[in-house]
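> Supplied structure: upload_17.tsv, TSV, C-alpha atoms.
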```tsv
chain	number	residue	atom	x	y	z
A	31	MET	CA	102.38	81.06	91.73
A	32	THR	CA	100.23	84.05	90.80
A	33	LYS	CA	101.57	85.57	87.60
A	34	THR	CA	101.05	89.32	87.88
A	35	ALA	CA	101.31	92.21	85.44
A	36	ILE	CA	101.34	95.76	86.83
A	37	LEU	CA	100.61	98.56	84.37
A	38	ALA	CA	101.70	102.04	85.47
A	39	LEU	CA	100.54	105.11	83.56
A	40	GLN	CA	102.27	108.47	83.34
A	41	ASN	CA	101.86	110.63	86.46
A	42	THR	CA	101.02	107.66	88.66
A	43	ASN	CA	101.25	108.23	92.40
A	44	THR	CA	104.41	106.50	93.63
A	45	LEU	CA	102.81	105.41	96.89
A	46	SER	CA	99.90	103.78	95.04
A	47	LEU	CA	102.32	101.75	92.93
A	48	ALA	CA	104.36	100.72	95.97
A	49	ALA	CA	101.24	99.75	97.90
A	50	ALA	CA	100.25	97.44	95.06
A	51	VAL	CA	103.53	95.60	94.63
A	52	ASP	CA	105.36	95.62	97.96
A	53	PRO	CA	102.81	93.47	99.82
A	54	LEU	CA	103.38	90.79	97.16
A	55	ARG	CA	107.12	90.92	97.80
A	56	ALA	CA	106.52	90.78	101.54
A	57	ALA	CA	104.19	87.79	101.13
A	58	ASN	CA	106.93	85.89	99.29
A	59	ARG	CA	109.41	86.76	102.03
A	60	GLN	CA	107.13	85.79	104.91
A	61	ALA	CA	106.03	82.56	103.23
A	62	GLU	CA	109.59	81.75	102.13
A	63	ALA	CA	108.09	80.77	98.80
A	64	ALA	CA	107.49	82.36	95.40
A	65	LEU	CA	103.75	82.90	95.78
A	66	TYR	CA	103.71	85.92	93.48
A	67	ASP	CA	105.70	86.74	90.38
A	68	TRP	CA	105.28	90.14	88.76
A	69	GLN	CA	106.42	92.29	85.91
A	70	PHE	CA	105.94	96.00	85.37
A	71	ALA	CA	104.41	97.26	82.16
A	72	THR	CA	104.06	100.64	80.51
A	73	PRO	CA	101.61	101.92	77.89
A	74	GLY	CA	104.24	102.02	75.16
A	75	GLN	CA	107.93	102.21	74.41
A	76	THR	CA	108.43	105.32	76.55
A	77	ASP	CA	109.54	105.35	80.18
A	78	VAL	CA	106.78	106.19	82.66
A	79	HIS	CA	107.49	109.04	85.06
A	80	LEU	CA	105.82	108.83	88.45
A	81	THR	CA	104.70	111.90	90.37
A	82	SER	CA	107.77	111.68	92.64
A	83	GLY	CA	110.18	111.77	89.72
A	84	LEU	CA	110.94	108.04	89.81
A	85	THR	CA	110.88	106.25	86.47
A	86	VAL	CA	109.46	102.92	85.36
A	87	PRO	CA	111.54	101.74	82.37
A	88	ALA	CA	109.61	101.17	79.17
A	89	ALA	CA	108.08	97.69	78.97
A	90	PRO	CA	105.13	97.81	76.54
A	91	LEU	CA	101.99	96.12	77.80
A	92	HIS	CA	101.31	94.51	74.44
A	93	ARG	CA	104.33	92.25	75.04
A	94	VAL	CA	102.67	90.65	78.08
A	95	THR	CA	101.17	87.37	76.89
A	96	SER	CA	99.05	86.42	79.91
A	97	CYS	CA	98.63	86.90	83.65
A	98	ASP	CA	96.56	85.68	86.58
A	99	LEU	CA	96.41	89.13	88.17
A	100	LEU	CA	96.35	92.39	86.22
A	101	ILE	CA	96.88	95.58	88.23
A	102	LEU	CA	96.19	98.98	86.68
A	103	VAL	CA	97.72	101.91	88.56
A	104	ALA	CA	97.05	105.44	87.36
A	105	GLY	CA	96.87	108.98	88.64
A	106	PHE	CA	96.26	112.01	86.47
A	107	ASP	CA	95.13	112.45	82.85
A	108	VAL	CA	94.02	108.83	82.59
A	109	LEU	CA	91.53	109.08	79.72
A	110	GLU	CA	94.05	110.99	77.61
A	111	GLN	CA	96.34	107.97	77.93
A	112	ALA	CA	93.60	105.39	77.28
A	113	THR	CA	94.53	104.68	73.68
A	114	PRO	CA	92.75	101.99	71.66
A	115	ALA	CA	95.92	99.88	71.81
A	116	ILE	CA	96.10	100.04	75.60
A	117	LEU	CA	92.42	99.25	76.02
A	118	SER	CA	92.75	96.33	73.62
A	119	SER	CA	95.68	94.90	75.60
A	120	ILE	CA	93.80	95.24	78.88
A	121	ARG	CA	90.77	93.43	77.45
A	122	ARG	CA	92.99	90.69	76.02
A	123	LEU	CA	94.74	90.10	79.33
A	124	THR	CA	91.54	90.10	81.37
A	125	ALA	CA	90.61	86.48	80.76
A	126	PRO	CA	87.59	84.98	82.61
A	127	ASN	CA	89.78	83.76	85.48
A	128	THR	CA	91.98	86.84	85.64
A	129	CYS	CA	91.59	89.09	88.66
A	130	LEU	CA	91.60	92.73	87.56
A	131	MET	CA	92.65	95.34	90.12
A	132	ALA	CA	92.25	99.04	89.34
A	133	ILE	CA	93.95	101.48	91.71
A	134	ASP	CA	93.21	105.20	92.08
A	135	GLY	CA	92.76	106.48	88.50
A	136	GLY	CA	93.08	102.92	87.24
A	137	ALA	CA	89.32	102.56	87.64
A	138	TRP	CA	88.87	105.04	84.77
A	139	LEU	CA	91.05	102.87	82.56
A	140	ALA	CA	89.18	99.67	83.45
A	141	ALA	CA	85.84	101.43	82.97
A	142	LYS	CA	86.88	102.86	79.61
A	143	ALA	CA	87.78	99.31	78.54
A	144	GLY	CA	84.24	98.23	79.49
A	145	LEU	CA	85.51	95.85	82.15
A	146	LEU	CA	83.58	97.29	85.10
A	147	ASP	CA	80.12	97.38	83.51
A	148	GLY	CA	77.60	95.71	85.80
A	149	HIS	CA	80.05	95.73	88.72
A	150	ASP	CA	80.36	97.69	91.93
A	151	ALA	CA	83.47	99.87	92.01
A	152	THR	CA	85.12	102.88	93.60
A	153	THR	CA	87.63	105.55	92.68
A	154	HIS	CA	89.27	108.54	94.35
A	155	TRP	CA	86.79	110.88	96.05
A	156	GLU	CA	87.77	113.78	93.79
A	157	ASP	CA	86.43	111.81	90.81
A	158	LEU	CA	83.27	110.22	92.21
A	159	SER	CA	80.81	112.63	90.63
A	160	ASP	CA	82.45	112.75	87.20
A	161	PHE	CA	82.93	108.98	87.16
A	162	THR	CA	79.24	108.33	87.85
A	163	THR	CA	78.22	110.63	85.01
A	164	THR	CA	80.74	109.16	82.58
A	165	PHE	CA	80.06	105.49	83.35
A	166	PRO	CA	76.38	105.05	84.32
A	167	ASN	CA	76.52	101.24	83.95
A	168	ILE	CA	78.86	100.94	86.92
A	169	THR	CA	77.55	101.01	90.49
A	170	LEU	CA	79.94	103.44	92.13
A	171	GLN	CA	80.45	103.35	95.88
A	172	ASN	CA	82.10	105.92	98.11
A	173	ALA	CA	84.31	103.32	99.75
A	174	ARG	CA	87.99	102.72	100.42
A	175	TYR	CA	88.09	99.66	98.20
A	176	VAL	CA	85.49	97.44	96.58
A	177	THR	CA	85.61	93.78	95.54
A	178	SER	CA	83.07	92.69	92.92
A	179	GLY	CA	83.78	89.19	91.69
A	180	GLN	CA	87.05	89.32	89.78
A	181	ARG	CA	86.98	93.14	89.67
A	182	TRP	CA	88.70	94.91	92.56
A	183	THR	CA	89.01	98.70	92.77
A	184	SER	CA	90.80	100.91	95.26
A	185	SER	CA	90.34	104.64	95.83
A	186	GLY	CA	93.96	105.48	96.62
A	187	ALA	CA	97.30	104.47	98.09
A	188	ALA	CA	96.38	103.67	101.71
A	189	PRO	CA	93.31	101.57	100.85
A	190	THR	CA	95.43	99.70	98.30
A	191	LEU	CA	97.62	98.29	101.06
A	192	ASP	CA	94.49	97.01	102.81
A	193	MET	CA	93.17	95.61	99.54
A	194	MET	CA	96.41	93.74	98.87
A	195	LEU	CA	96.36	92.32	102.39
A	196	HIS	CA	92.80	91.15	101.71
A	197	LEU	CA	93.99	89.50	98.49
A	198	ILE	CA	96.77	87.69	100.34
A	199	GLU	CA	94.33	86.53	102.99
A	200	THR	CA	91.87	85.32	100.34
A	201	GLN	CA	94.54	83.37	98.46
A	202	HIS	CA	96.87	82.23	101.26
A	203	GLY	CA	95.12	82.67	104.59
A	204	ALA	CA	94.75	85.14	107.44
A	205	ARG	CA	98.02	84.15	109.12
A	206	LEU	CA	100.19	85.17	106.18
A	207	SER	CA	98.19	88.38	105.66
A	208	ALA	CA	98.71	89.27	109.33
A	209	GLN	CA	102.44	88.59	109.04
A	210	VAL	CA	102.70	90.91	106.05
A	211	ALA	CA	100.70	93.60	107.87
A	212	ALA	CA	102.94	93.28	110.91
A	213	GLY	CA	106.01	93.67	108.70
A	214	PHE	CA	104.65	97.05	107.62
A	215	ILE	CA	103.68	97.85	111.25
A	216	HIS	CA	100.11	98.10	109.98
A	217	THR	CA	97.89	97.15	112.88
A	218	ARG	CA	94.55	98.91	112.41
A	219	ALA	CA	92.80	98.56	109.07
A	220	PRO	CA	89.53	100.47	108.53
A	221	ALA	CA	86.71	98.55	106.89
A	222	SER	CA	86.80	98.48	103.10
A	223	THR	CA	83.32	99.99	103.05
A	224	ASP	CA	84.25	103.00	105.17
A	225	PRO	CA	83.49	106.14	103.14
A	226	GLN	CA	86.29	108.33	101.88
A	227	LEU	CA	86.32	111.63	103.74
A	228	ARG	CA	87.25	114.52	101.48
A	229	HIS	CA	88.22	116.71	104.41
A	230	PRO	CA	89.15	114.54	107.41
A	231	ASN	CA	89.32	116.30	110.75
A	232	ALA	CA	92.62	116.44	112.57
A	233	ARG	CA	90.96	114.99	115.66
A	234	THR	CA	89.53	111.49	115.78
A	235	HIS	CA	85.89	111.13	114.79
A	236	SER	CA	83.39	109.12	116.77
A	237	ALA	CA	80.98	106.91	114.88
A	238	LEU	CA	78.33	109.63	115.18
A	239	THR	CA	80.47	112.57	114.05
A	240	ARG	CA	81.76	110.48	111.15
A	241	ARG	CA	78.17	109.81	110.02
A	242	ALA	CA	77.38	113.50	110.35
A	243	HIS	CA	80.56	114.38	108.46
A	244	VAL	CA	79.55	112.15	105.55
A	245	LEU	CA	76.05	113.67	105.44
A	246	MET	CA	77.63	117.11	105.36
A	247	GLU	CA	80.03	116.22	102.57
A	248	ASN	CA	77.15	114.82	100.54
A	249	ALA	CA	75.30	118.14	100.79
A	250	LEU	CA	77.93	120.86	100.42
A	251	ASP	CA	75.96	122.69	97.74
A	252	THR	CA	72.71	122.80	99.70
A	253	PRO	CA	73.73	122.69	103.38
A	254	LEU	CA	71.35	120.84	105.66
A	255	PRO	CA	69.96	122.84	108.60
A	256	ILE	CA	71.46	121.49	111.82
A	257	PRO	CA	68.04	120.37	113.18
A	258	GLU	CA	67.47	118.39	109.96
A	259	LEU	CA	70.94	116.88	110.21
A	260	ALA	CA	70.25	115.86	113.80
A	261	LYS	CA	66.91	114.35	112.78
A	262	GLN	CA	68.59	112.20	110.12
A	263	LEU	CA	71.01	110.99	112.78
A	264	GLY	CA	68.16	110.14	115.15
A	265	LEU	CA	68.83	112.65	117.93
A	266	SER	CA	68.06	116.20	118.97
A	267	ALA	CA	69.94	119.26	117.76
A	268	ARG	CA	71.06	119.92	121.35
A	269	SER	CA	72.48	116.39	121.67
A	270	LEU	CA	74.29	116.74	118.35
A	271	GLN	CA	75.78	120.07	119.47
A	272	SER	CA	76.98	118.54	122.72
A	273	HIS	CA	78.48	115.48	121.04
A	274	PHE	CA	80.40	117.51	118.45
A	275	LYS	CA	81.76	119.77	121.17
A	276	SER	CA	82.97	116.85	123.29
A	277	VAL	CA	84.49	114.86	120.40
A	278	LEU	CA	85.76	117.48	117.95
A	279	GLY	CA	85.86	120.57	120.11
A	280	THR	CA	83.63	122.54	117.75
A	281	SER	CA	79.98	122.92	116.79
A	282	PRO	CA	78.27	121.08	113.90
A	283	LYS	CA	77.69	124.43	112.19
A	284	ALA	CA	81.36	125.42	112.39
A	285	HIS	CA	82.46	121.97	111.23
A	286	TYR	CA	80.06	122.14	108.28
A	287	LEU	CA	81.35	125.58	107.31
A	288	SER	CA	84.96	124.35	107.47
A	289	LEU	CA	84.13	121.51	105.07
A	290	ARG	CA	82.45	123.88	102.61
A	291	LEU	CA	85.37	126.31	102.75
A	292	ALA	CA	87.93	123.53	102.38
A	293	GLU	CA	86.16	122.29	99.26
A	294	ALA	CA	85.95	125.84	97.87
A	295	ASN	CA	89.65	126.27	98.52
A	296	ARG	CA	90.45	122.97	96.80
A	297	LEU	CA	88.37	123.83	93.73
A	298	THR	CA	89.93	127.29	93.58
A	299	LYS	CA	93.46	125.90	93.65
A	300	ASN	CA	93.06	122.75	91.58
A	301	THR	CA	90.50	123.65	88.91
A	302	LYS	CA	89.58	126.47	86.57
A	303	THR	CA	85.93	126.39	87.58
A	304	PRO	CA	84.49	129.94	87.65
A	305	LEU	CA	84.47	131.39	91.15
A	306	HIS	CA	80.71	132.05	91.13
A	307	THR	CA	80.17	128.36	90.27
A	308	ILE	CA	82.44	127.33	93.13
A	309	ALA	CA	80.42	129.52	95.47
A	310	LEU	CA	77.17	127.81	94.47
A	311	ALA	CA	78.76	124.35	94.61
A	312	THR	CA	79.79	124.92	98.22
A	313	GLY	CA	76.55	126.38	99.49
A	314	PHE	CA	77.24	130.12	99.29
A	315	THR	CA	74.50	132.20	97.74
A	316	THR	CA	76.90	134.73	96.25
A	317	GLN	CA	80.55	134.92	95.26
A	318	SER	CA	81.04	137.82	97.66
A	319	SER	CA	79.80	135.79	100.64
A	320	LEU	CA	82.28	133.05	99.77
A	321	ALA	CA	85.06	135.62	99.40
A	322	ARG	CA	84.30	137.05	102.82
A	323	MET	CA	84.36	133.69	104.63
A	324	HIS	CA	87.30	132.37	102.61
A	325	THR	CA	89.37	135.43	103.51
A	326	LYS	CA	88.55	134.92	107.18
A	327	ALA	CA	89.59	131.26	107.05
A	328	TYR	CA	92.57	131.40	104.68
A	329	GLY	CA	93.76	134.99	104.80
A	330	GLN	CA	92.85	135.85	101.23
A	331	SER	CA	89.92	135.65	98.84
A	332	PRO	CA	89.52	132.87	96.27
A	333	ARG	CA	90.35	135.40	93.56
A	334	ALA	CA	93.63	136.32	95.28
A	335	THR	CA	94.40	132.64	95.92
A	336	ARG	CA	93.91	131.77	92.29
A	337	ALA	CA	95.92	134.76	91.09
A	338	SER	CA	98.83	133.72	93.30
A	339	LEU	CA	98.83	130.35	91.56
A	340	HIS	CA	98.76	132.00	88.12
A	341	PHE	CA	95.38	130.49	87.22
A	342	ALA	CA	93.36	132.25	84.56
A	343	ARG	CA	90.04	133.37	85.88
```
Could you take the file, read its structure, and then write that structure out as structure tokens?

Amino acid sequence: MTKTAILALQNTNTLSLAAAVDPLRAANRQAEAALYDWQFATPGQTDVHLTSGLTVPAAPLHRVTSCDLLILVAGFDVLEQATPAILSSIRRLTAPNTCLMAIDGGAWLAAKAGLLDGHDATTHWEDLSDFTTTFPNITLQNARYVTSGQRWTSSGAAPTLDMMLHLIETQHGARLSAQVAAGFIHTRAPASTDPQLRHPNARTHSALTRRAHVLMENALDTPLPIPELAKQLGLSARSLQSHFKSVLGTSPKAHYLSLRLAEANRLTKNTKTPLHTIALATGFTTQSSLARMHTKAYGQSPRATRASLHFAR
């Protein structure tokens, strides 16, 4: 039996927590055996409130004596919750043979504890840049989930389900993993190494448009000319235009602009970054040019959007 401890921090995504634990329950059910045993833990003697409003009753992590699998699930404000006591408990429980899984913001907690140094890892796409700067000794990958020895990291809720299925397959075979997947009606799992797309298109990408999409997302601040983009993809600009039109119903230039505007809109709504900085970060030479295109796409300027959300400029 794999003895498992699952630490949930305040403001954890409910789906991420469920994706971590429910496959273990399903594995027990399908195998008709107690393959996994788990207990929930909290940072201290205060209930943890998930983003949905559900509550994990207080069960201080320091009371957990040992485990074979330690799962860290976190969402927002992770470093503010990474107290010396919590980090000490995580280090204590991560024995040489313990598998450490860090989900969503959990990677920040594991990294802060020094447990990902020298390993490959991933985290949610919103945090990739800041994570790399904060923890230079970790090889960060833009991937759905990453396994690096006994250190497993997942970027979010959906990849966590795939990661848990991979764990079950590793420990108990492909047949049981497939049975668990079928129980969730989960039939098509992307590769773990597939990049996270910040702004997925509503229509299905081809392999080529997905590659182009990733190149675009990696250069939002200094947009690549379409001929250069086509060159990096190994085809002509005309061929790229034709392929985008047939697969996504739009041009590469329009798709690129939609990604830049979507990122500008996200930063406007979710951060307090100055608007002129947002403009530069999304490839607009001036704040006024961003305002013009943003108004066309979203019906109002970034300034009006932010004001409606009561953000301070």
> Between A:Ala187, A:His202, A:Ala137, A:Ala249, which has the minimum distance to A:Leu170 (counting all atoms listed in the file)?
A:Ala137
> Output as JSON lines one row per residue of stretch 181-285 of chain A within 10 Å of stretch 310-313 of chain A: the closest atom pair and its distance in Å to one decimal place, counting all atoms listed in the file, sorted by chain and residue number ascending.

```
{"residue": "A:Glu247", "atom": "CA", "partner": "A:Thr312", "partner_atom": "CA", "distance": 9.7}
{"residue": "A:Ala249", "atom": "CA", "partner": "A:Gly313", "partner_atom": "CA", "distance": 8.4}
{"residue": "A:Leu250", "atom": "CA", "partner": "A:Thr312", "partner_atom": "CA", "distance": 5.0}
{"residue": "A:Asp251", "atom": "CA", "partner": "A:Gly313", "partner_atom": "CA", "distance": 4.1}
{"residue": "A:Thr252", "atom": "CA", "partner": "A:Gly313", "partner_atom": "CA", "distance": 5.3}
{"residue": "A:Pro253", "atom": "CA", "partner": "A:Gly313", "partner_atom": "CA", "distance": 6.1}
{"residue": "A:Leu254", "atom": "CA", "partner": "A:Gly313", "partner_atom": "CA", "distance": 9.8}
```
> Those selected residues, please, written with C-alpha atoms and delivered as an mmCIF file, in the coordinates of the input.

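Writing the result to part-v7.cif gives the following:
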```cif
data_model
loop_
_atom_site.group_PDB
_atom_site.id
_atom_site.type_symbol
_atom_site.label_atom_id
_atom_site.label_comp_id
_atom_site.auth_asym_id
_atom_site.auth_seq_id
_atom_site.Cartn_x
_atom_site.Cartn_y
_atom_site.Cartn_z
ATOM 1 C CA GLU A 247 80.030 116.220 102.570
ATOM 2 C CA ALA A 249 75.300 118.140 100.790
ATOM 3 C CA LEU A 250 77.930 120.860 100.420
ATOM 4 C CA ASP A 251 75.960 122.690 97.740
ATOM 5 C CA THR A 252 72.710 122.800 99.700
ATOM 6 C CA PRO A 253 73.730 122.690 103.380
ATOM 7 C CA LEU A 254 71.350 120.840 105.660
#
```
> By how many Å are atom CA of A:Lys283 and atom CA of A:Asp160 apart?
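Interatomic distance here is 28.0 Å.
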> Looking at only C-alpha atoms, which of A:Asn172, A:Thr177, A:Lys142, A:Ala284 is the one that sits closest to A:Thr200?
A:Thr177
> Mind running stretch 194-262 of chain A against stretch 56-80 of chain A at 12 Å and telling me each contacting residue's nearest atom pair with the distance in Å (one decimal), counting only C-alpha atoms, chain and number ascending, as JSON lines?

```
{"residue": "A:Met194", "atom": "CA", "partner": "A:Ala57", "partner_atom": "CA", "distance": 10.1}
{"residue": "A:Leu195", "atom": "CA", "partner": "A:Ala57", "partner_atom": "CA", "distance": 9.1}
{"residue": "A:His196", "atom": "CA", "partner": "A:Ala57", "partner_atom": "CA", "distance": 11.9}
{"residue": "A:Leu197", "atom": "CA", "partner": "A:Ala57", "partner_atom": "CA", "distance": 10.7}
{"residue": "A:Ile198", "atom": "CA", "partner": "A:Ala57", "partner_atom": "CA", "distance": 7.5}
{"residue": "A:Glu199", "atom": "CA", "partner": "A:Ala57", "partner_atom": "CA", "distance": 10.1}
{"residue": "A:Gln201", "atom": "CA", "partner": "A:Leu65", "partner_atom": "CA", "distance": 9.6}
{"residue": "A:His202", "atom": "CA", "partner": "A:Leu65", "partner_atom": "CA", "distance": 8.8}
{"residue": "A:Gly203", "atom": "CA", "partner": "A:Ala57", "partner_atom": "CA", "distance": 11.0}
{"residue": "A:Ala204", "atom": "CA", "partner": "A:Ala57", "partner_atom": "CA", "distance": 11.7}
{"residue": "A:Arg205", "atom": "CA", "partner": "A:Ala61", "partner_atom": "CA", "distance": 10.1}
{"residue": "A:Leu206", "atom": "CA", "partner": "A:Ala57", "partner_atom": "CA", "distance": 7.0}
{"residue": "A:Ser207", "atom": "CA", "partner": "A:Ala57", "partner_atom": "CA", "distance": 7.5}
{"residue": "A:Ala208", "atom": "CA", "partner": "A:Ala57", "partner_atom": "CA", "distance": 10.0}
{"residue": "A:Gln209", "atom": "CA", "partner": "A:Gln60", "partner_atom": "CA", "distance": 6.8}
{"residue": "A:Val210", "atom": "CA", "partner": "A:Ala56", "partner_atom": "CA", "distance": 5.9}
{"residue": "A:Ala211", "atom": "CA", "partner": "A:Ala56", "partner_atom": "CA", "distance": 9.0}
{"residue": "A:Ala212", "atom": "CA", "partner": "A:Ala56", "partner_atom": "CA", "distance": 10.3}
{"residue": "A:Gly213", "atom": "CA", "partner": "A:Ala56", "partner_atom": "CA", "distance": 7.7}
{"residue": "A:Phe214", "atom": "CA", "partner": "A:Ala56", "partner_atom": "CA", "distance": 8.9}
```
> From the set A:Phe106, A:Trp155, A:Tyr175, A:Phe165, which residue has the shortest atom-to-atom contact distance to A:Ala143, counting all atoms listed in the file?
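Using all atoms listed in the file, A:Ala143 sits closest to A:Phe165.
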> Give me the residues within 10 Å of A:Pro332 as a PDB file with C-alpha atoms, in the coordinates of the input, counting only C-alpha atoms and dropping any in the same chain fewer than 6 places off.

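The file below, out.pdb, is the result:
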```pdb
ATOM      1  CA  ALA A 294      85.950 125.840  97.870  1.00  0.00           C
ATOM      2  CA  ASN A 295      89.650 126.270  98.520  1.00  0.00           C
ATOM      3  CA  ARG A 296      90.450 122.970  96.800  1.00  0.00           C
ATOM      4  CA  LEU A 297      88.370 123.830  93.730  1.00  0.00           C
ATOM      5  CA  THR A 298      89.930 127.290  93.580  1.00  0.00           C
ATOM      6  CA  LYS A 299      93.460 125.900  93.650  1.00  0.00           C
ATOM      7  CA  LEU A 305      84.470 131.390  91.150  1.00  0.00           C
ATOM      8  CA  ILE A 308      82.440 127.330  93.130  1.00  0.00           C
ATOM      9  CA  ALA A 309      80.420 129.520  95.470  1.00  0.00           C
ATOM     10  CA  GLN A 317      80.550 134.920  95.260  1.00  0.00           C
ATOM     11  CA  SER A 318      81.040 137.820  97.660  1.00  0.00           C
ATOM     12  CA  LEU A 320      82.280 133.050  99.770  1.00  0.00           C
ATOM     13  CA  ALA A 321      85.060 135.620  99.400  1.00  0.00           C
ATOM     14  CA  ARG A 322      84.300 137.050 102.820  1.00  0.00           C
ATOM     15  CA  MET A 323      84.360 133.690 104.630  1.00  0.00           C
ATOM     16  CA  HIS A 324      87.300 132.370 102.610  1.00  0.00           C
ATOM     17  CA  THR A 325      89.370 135.430 103.510  1.00  0.00           C
ATOM     18  CA  SER A 338      98.830 133.720  93.300  1.00  0.00           C
TER      19      SER A 338
END
```
